[in-house]
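Have a look at the structure below, then the notes.
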Amino acid sequence: MYYHLFAALLFFGISLSIPIIPETYMVAILLSGFIALLIFLKCLFHHVNTKFLIQARKAENENIMNLSSFKGKFVMIRNEESPLSDEFTFMIFHNGSIEIPLFCRNHCVIQKAAHSTSELIVYYKDYILVNVEEIEKTPNC
């Protein structure tokens with residue numbers, strides 16, 4: 001992955017530092033640098049996606065006591081084009097003062113949160129939603 005970045009910087013450096021290169025060669029070198037930069041960005045995007053999936057699997061296997069949590073309400077599911085893997089759904093929760101964006105890949109948890117009408121306890125780790133539980137309201141006597 002870093003070889004592509006090095007190649008792009010090398011091509012750009014050569015094309016800018018040697019003014020005697022004929023124009024056609026300079027364009028070819030700049031084009032090669034641009035292609036190497038695009039390949040680097042593609043590899044970087046794949047690396048970040050893979051790392052986020054591994055992080056999600058680890059979070060889903062964690063004990064619920066080791067996860068961060070807050071009480072809040074489900075606001076909405078964002079249906080925007082996600083820069084991450086298609087496995088993730090982007091959800092927004094509100095804890096009373098701020099909106100908290102979380103990513104979830106478990107469809108049961110997504111449905112449970114989307115169909116909730118009351119306050120939830122939201123369990124997450126590093127912006128990855130792991131589980132939600134509805135808070136049972138007891139009637140006042």
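Naming scheme: A, B, ... for chains in displayed order of the structure tokens; residues 1 onward per chain; ligands 1 onward as shown.
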
### Query
Counting only C-alpha atoms, what is within 8 Å of Asn95 (chain A), bar same-chain residues fewer than 5 positions away, as number ranges by chain?
A: 70-73, 100

Selected residues written out, C-alpha atoms, as an mmCIF file, in the first residue's frame:
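What follows is the written file again_15.cif:
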```
data_model
loop_
_atom_site.group_PDB
_atom_site.id
_atom_site.type_symbol
_atom_site.label_atom_id
_atom_site.label_comp_id
_atom_site.auth_asym_id
_atom_site.auth_seq_id
_atom_site.Cartn_x
_atom_site.Cartn_y
_atom_site.Cartn_z
ATOM 1 C CA PHE A 70 -26.176 5.646 27.697
ATOM 2 C CA LYS A 71 -29.917 6.140 28.055
ATOM 3 C CA GLY A 72 -31.593 7.727 25.095
ATOM 4 C CA LYS A 73 -34.123 7.544 22.311
ATOM 5 C CA ILE A 100 -24.972 10.344 18.983
#
```

Any idea what's packed within 9 Å of region 35-46 of chain A, counting only C-alpha atoms, ignoring anything in its chain fewer than 6 positions away? Could you give it as a list in words? Met1, Tyr2, Tyr3, His4, Leu5, Phe6, Ala7, Ala8, Leu9, Phe11, Pro83 and Leu84 of chain A

Where does region 57-118 of chain A meet region 126-137 of chain A within 8 Å, residue by residue, with the nearest atom pair and distance in Å to one decimal for each, counting only C-alpha atoms, listed by chain and rising number, as JSON lines?
```
{"residue": "A:Ala59", "atom": "CA", "partner": "A:Val130", "partner_atom": "CA", "distance": 6.9}
{"residue": "A:Glu60", "atom": "CA", "partner": "A:Val130", "partner_atom": "CA", "distance": 5.6}
{"residue": "A:Pro101", "atom": "CA", "partner": "A:Tyr127", "partner_atom": "CA", "distance": 7.0}
{"residue": "A:Leu102", "atom": "CA", "partner": "A:Tyr127", "partner_atom": "CA", "distance": 4.8}
{"residue": "A:Phe103", "atom": "CA", "partner": "A:Ile128", "partner_atom": "CA", "distance": 4.8}
{"residue": "A:Cys104", "atom": "CA", "partner": "A:Leu129", "partner_atom": "CA", "distance": 4.9}
{"residue": "A:Asn106", "atom": "CA", "partner": "A:Val130", "partner_atom": "CA", "distance": 7.7}
{"residue": "A:Val109", "atom": "CA", "partner": "A:Asn131", "partner_atom": "CA", "distance": 5.9}
{"residue": "A:Lys112", "atom": "CA", "partner": "A:Val132", "partner_atom": "CA", "distance": 7.3}
{"residue": "A:Ala113", "atom": "CA", "partner": "A:Val132", "partner_atom": "CA", "distance": 6.6}
{"residue": "A:Ser116", "atom": "CA", "partner": "A:Glu134", "partner_atom": "CA", "distance": 7.2}
{"residue": "A:Ser118", "atom": "CA", "partner": "A:Glu134", "partner_atom": "CA", "distance": 6.7}
```

Preceding selection exported with N, CA, C and O atoms as a PDB file, in the first residue's frame:
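Ended up saving to out37.pdb:
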```
ATOM      1  N   ALA A  59     -16.057  -5.874  19.094  1.00  0.00           N
ATOM      2  CA  ALA A  59     -17.038  -5.200  19.951  1.00  0.00           C
ATOM      3  C   ALA A  59     -18.261  -6.082  20.175  1.00  0.00           C
ATOM      4  O   ALA A  59     -18.810  -6.127  21.274  1.00  0.00           O
ATOM      5  N   GLU A  60     -18.696  -6.798  19.144  1.00  0.00           N
ATOM      6  CA  GLU A  60     -19.870  -7.663  19.274  1.00  0.00           C
ATOM      7  C   GLU A  60     -19.602  -8.867  20.164  1.00  0.00           C
ATOM      8  O   GLU A  60     -20.523  -9.427  20.748  1.00  0.00           O
ATOM      9  N   PRO A 101     -24.168   9.543  16.812  1.00  0.00           N
ATOM     10  CA  PRO A 101     -24.200   8.662  15.639  1.00  0.00           C
ATOM     11  C   PRO A 101     -23.490   7.347  15.946  1.00  0.00           C
ATOM     12  O   PRO A 101     -22.401   7.335  16.528  1.00  0.00           O
ATOM     13  N   LEU A 102     -24.117   6.244  15.573  1.00  0.00           N
ATOM     14  CA  LEU A 102     -23.521   4.922  15.777  1.00  0.00           C
ATOM     15  C   LEU A 102     -23.703   4.080  14.518  1.00  0.00           C
ATOM     16  O   LEU A 102     -24.660   4.268  13.769  1.00  0.00           O
ATOM     17  N   PHE A 103     -22.799   3.132  14.318  1.00  0.00           N
ATOM     18  CA  PHE A 103     -22.884   2.208  13.195  1.00  0.00           C
ATOM     19  C   PHE A 103     -23.252   0.829  13.734  1.00  0.00           C
ATOM     20  O   PHE A 103     -22.723   0.396  14.753  1.00  0.00           O
ATOM     21  N   CYS A 104     -24.152   0.137  13.045  1.00  0.00           N
ATOM     22  CA  CYS A 104     -24.570  -1.185  13.492  1.00  0.00           C
ATOM     23  C   CYS A 104     -24.653  -2.119  12.297  1.00  0.00           C
ATOM     24  O   CYS A 104     -25.056  -1.716  11.199  1.00  0.00           O
ATOM     25  N   ASN A 106     -25.866  -5.523  13.012  1.00  0.00           N
ATOM     26  CA  ASN A 106     -26.785  -6.568  13.456  1.00  0.00           C
ATOM     27  C   ASN A 106     -28.219  -6.126  13.151  1.00  0.00           C
ATOM     28  O   ASN A 106     -28.728  -5.179  13.748  1.00  0.00           O
ATOM     29  N   VAL A 109     -30.778  -5.914  16.118  1.00  0.00           N
ATOM     30  CA  VAL A 109     -30.603  -4.729  16.957  1.00  0.00           C
ATOM     31  C   VAL A 109     -31.157  -3.497  16.245  1.00  0.00           C
ATOM     32  O   VAL A 109     -31.807  -2.645  16.867  1.00  0.00           O
ATOM     33  N   LYS A 112     -34.932  -3.699  16.517  1.00  0.00           N
ATOM     34  CA  LYS A 112     -35.358  -3.453  17.887  1.00  0.00           C
ATOM     35  C   LYS A 112     -35.297  -1.958  18.212  1.00  0.00           C
ATOM     36  O   LYS A 112     -36.205  -1.407  18.829  1.00  0.00           O
ATOM     37  N   ALA A 113     -34.258  -1.294  17.772  1.00  0.00           N
ATOM     38  CA  ALA A 113     -34.123   0.146  18.028  1.00  0.00           C
ATOM     39  C   ALA A 113     -35.137   0.944  17.210  1.00  0.00           C
ATOM     40  O   ALA A 113     -35.750   1.879  17.722  1.00  0.00           O
ATOM     41  N   SER A 116     -38.711   0.747  18.659  1.00  0.00           N
ATOM     42  CA  SER A 116     -38.898   1.112  20.065  1.00  0.00           C
ATOM     43  C   SER A 116     -39.670   2.422  20.160  1.00  0.00           C
ATOM     44  O   SER A 116     -39.507   3.322  19.345  1.00  0.00           O
ATOM     45  N   SER A 118     -40.150   3.685  23.533  1.00  0.00           N
ATOM     46  CA  SER A 118     -39.741   4.245  24.819  1.00  0.00           C
ATOM     47  C   SER A 118     -38.229   4.471  24.838  1.00  0.00           C
ATOM     48  O   SER A 118     -37.542   4.251  23.849  1.00  0.00           O
TER      49      SER A 118
END
```

Query raised in the report: Would you give me, as JSON, numbers by chain, the residues in chain A that DSSP reads as strand (DSSP E or B)?
Result: {"A": [68, 69, 70, 71, 72, 73, 74, 75, 76, 77, 78, 89, 90, 91, 92, 93, 94, 99, 100, 101, 102, 103, 104, 120, 121, 122, 123, 124, 125, 128, 129, 130, 131, 132, 133, 134]}

Requested write-out: N, CA and C atoms of the selected residues, as a CSV table (one decimal), in the first residue's frame:
```csv
chain,number,residue,atom,x,y,z
A,68,SER,N,-19.5,0.7,26.7
A,68,SER,CA,-20.0,2.0,27.1
A,68,SER,C,-21.5,2.0,26.8
A,69,SER,N,-22.3,2.8,27.6
A,69,SER,CA,-23.7,2.8,27.4
A,69,SER,C,-24.2,4.2,27.8
A,70,PHE,N,-25.5,4.4,27.3
A,70,PHE,CA,-26.2,5.6,27.7
A,70,PHE,C,-27.7,5.4,27.5
A,71,LYS,N,-28.5,6.2,28.2
A,71,LYS,CA,-29.9,6.1,28.1
A,71,LYS,C,-30.3,7.2,27.0
A,72,GLY,N,-31.2,6.8,26.1
A,72,GLY,CA,-31.6,7.7,25.1
A,72,GLY,C,-32.7,7.2,24.2
A,73,LYS,N,-33.1,7.9,23.2
A,73,LYS,CA,-34.1,7.5,22.3
A,73,LYS,C,-33.5,7.4,20.9
A,74,PHE,N,-34.1,6.5,20.2
A,74,PHE,CA,-33.8,6.3,18.8
A,74,PHE,C,-34.3,7.5,18.0
A,75,VAL,N,-33.5,8.1,17.1
A,75,VAL,CA,-34.0,9.2,16.3
A,75,VAL,C,-34.3,8.8,14.9
A,76,MET,N,-33.3,8.3,14.2
A,76,MET,CA,-33.5,7.9,12.8
A,76,MET,C,-32.4,7.0,12.3
A,77,ILE,N,-32.6,6.4,11.1
A,77,ILE,CA,-31.6,5.7,10.4
A,77,ILE,C,-31.3,6.6,9.2
A,78,ARG,N,-30.0,6.9,9.0
A,78,ARG,CA,-29.6,7.7,7.9
A,78,ARG,C,-29.4,6.8,6.7
A,89,THR,N,-25.2,0.0,9.1
A,89,THR,CA,-26.3,0.9,9.0
A,89,THR,C,-26.0,2.1,10.0
A,90,PHE,N,-26.1,3.3,9.5
A,90,PHE,CA,-25.8,4.5,10.2
A,90,PHE,C,-27.1,4.9,11.0
A,91,MET,N,-27.0,4.9,12.3
A,91,MET,CA,-28.2,5.2,13.2
A,91,MET,C,-27.8,6.4,14.1
A,92,ILE,N,-28.9,7.2,14.4
A,92,ILE,CA,-28.7,8.4,15.3
A,92,ILE,C,-29.6,8.1,16.5
A,93,PHE,N,-29.0,8.4,17.7
A,93,PHE,CA,-29.7,8.3,19.0
A,93,PHE,C,-29.5,9.7,19.7
A,94,HIS,N,-30.5,10.0,20.5
A,94,HIS,CA,-30.5,11.2,21.3
A,94,HIS,C,-30.5,10.9,22.8
A,99,GLU,N,-27.0,14.5,19.9
A,99,GLU,CA,-27.3,13.3,19.1
A,99,GLU,C,-26.0,12.5,18.9
A,100,ILE,N,-26.1,11.2,19.0
A,100,ILE,CA,-25.0,10.3,19.0
A,100,ILE,C,-25.1,9.4,17.8
A,101,PRO,N,-24.2,9.5,16.8
A,101,PRO,CA,-24.2,8.7,15.6
A,101,PRO,C,-23.5,7.3,15.9
A,102,LEU,N,-24.1,6.2,15.6
A,102,LEU,CA,-23.5,4.9,15.8
A,102,LEU,C,-23.7,4.1,14.5
A,103,PHE,N,-22.8,3.1,14.3
A,103,PHE,CA,-22.9,2.2,13.2
A,103,PHE,C,-23.3,0.8,13.7
A,104,CYS,N,-24.2,0.1,13.0
A,104,CYS,CA,-24.6,-1.2,13.5
A,104,CYS,C,-24.7,-2.1,12.3
A,120,LEU,N,-34.3,3.9,25.6
A,120,LEU,CA,-33.5,2.7,25.5
A,120,LEU,C,-32.2,2.8,26.3
A,121,ILE,N,-31.6,1.7,26.6
A,121,ILE,CA,-30.2,1.7,27.1
A,121,ILE,C,-29.4,1.2,25.9
A,122,VAL,N,-28.5,2.0,25.4
A,122,VAL,CA,-27.8,1.7,24.2
A,122,VAL,C,-26.3,1.3,24.6
A,123,TYR,N,-25.9,0.1,24.2
A,123,TYR,CA,-24.6,-0.4,24.4
A,123,TYR,C,-23.8,-0.3,23.2
A,124,TYR,N,-22.6,0.3,23.3
A,124,TYR,CA,-21.7,0.6,22.1
A,124,TYR,C,-20.3,0.5,22.5
A,125,LYS,N,-19.4,0.4,21.5
A,125,LYS,CA,-18.0,0.6,21.7
A,125,LYS,C,-17.4,1.2,20.4
A,128,ILE,N,-19.6,1.8,17.5
A,128,ILE,CA,-20.3,0.6,16.9
A,128,ILE,C,-21.4,0.1,17.9
A,129,LEU,N,-22.6,0.2,17.5
A,129,LEU,CA,-23.7,-0.2,18.3
A,129,LEU,C,-23.7,-1.7,18.4
A,130,VAL,N,-23.8,-2.2,19.6
A,130,VAL,CA,-23.8,-3.6,19.9
A,130,VAL,C,-25.1,-4.2,20.3
A,131,ASN,N,-25.8,-3.4,21.2
A,131,ASN,CA,-27.1,-3.9,21.6
A,131,ASN,C,-27.9,-2.7,22.2
A,132,VAL,N,-29.3,-2.9,22.2
A,132,VAL,CA,-30.2,-1.9,22.8
A,132,VAL,C,-31.2,-2.7,23.7
A,133,GLU,N,-31.6,-2.1,24.8
A,133,GLU,CA,-32.6,-2.7,25.7
A,133,GLU,C,-33.6,-1.6,26.0
A,134,GLU,N,-34.9,-2.0,25.9
A,134,GLU,CA,-35.9,-1.0,26.3
A,134,GLU,C,-36.0,-0.9,27.8
```

Go ahead and compute the interatomic distance for CA of Leu30 (chain A) and CA of Ile14 (chain A), in Å to one decimal.
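Separation between CA of Leu30 (chain A) and CA of Ile14 (chain A): 8.8 Å.
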
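CA of Asp86 (chain A) is positioned 15.0 Å from CA of Arg57 (chain A).
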
Where does DSSP see alpha helix (DSSP H) in region 24-121 of chain A, if you list the residues as a ChimeraX atom specification?
/A:24-61,107-114
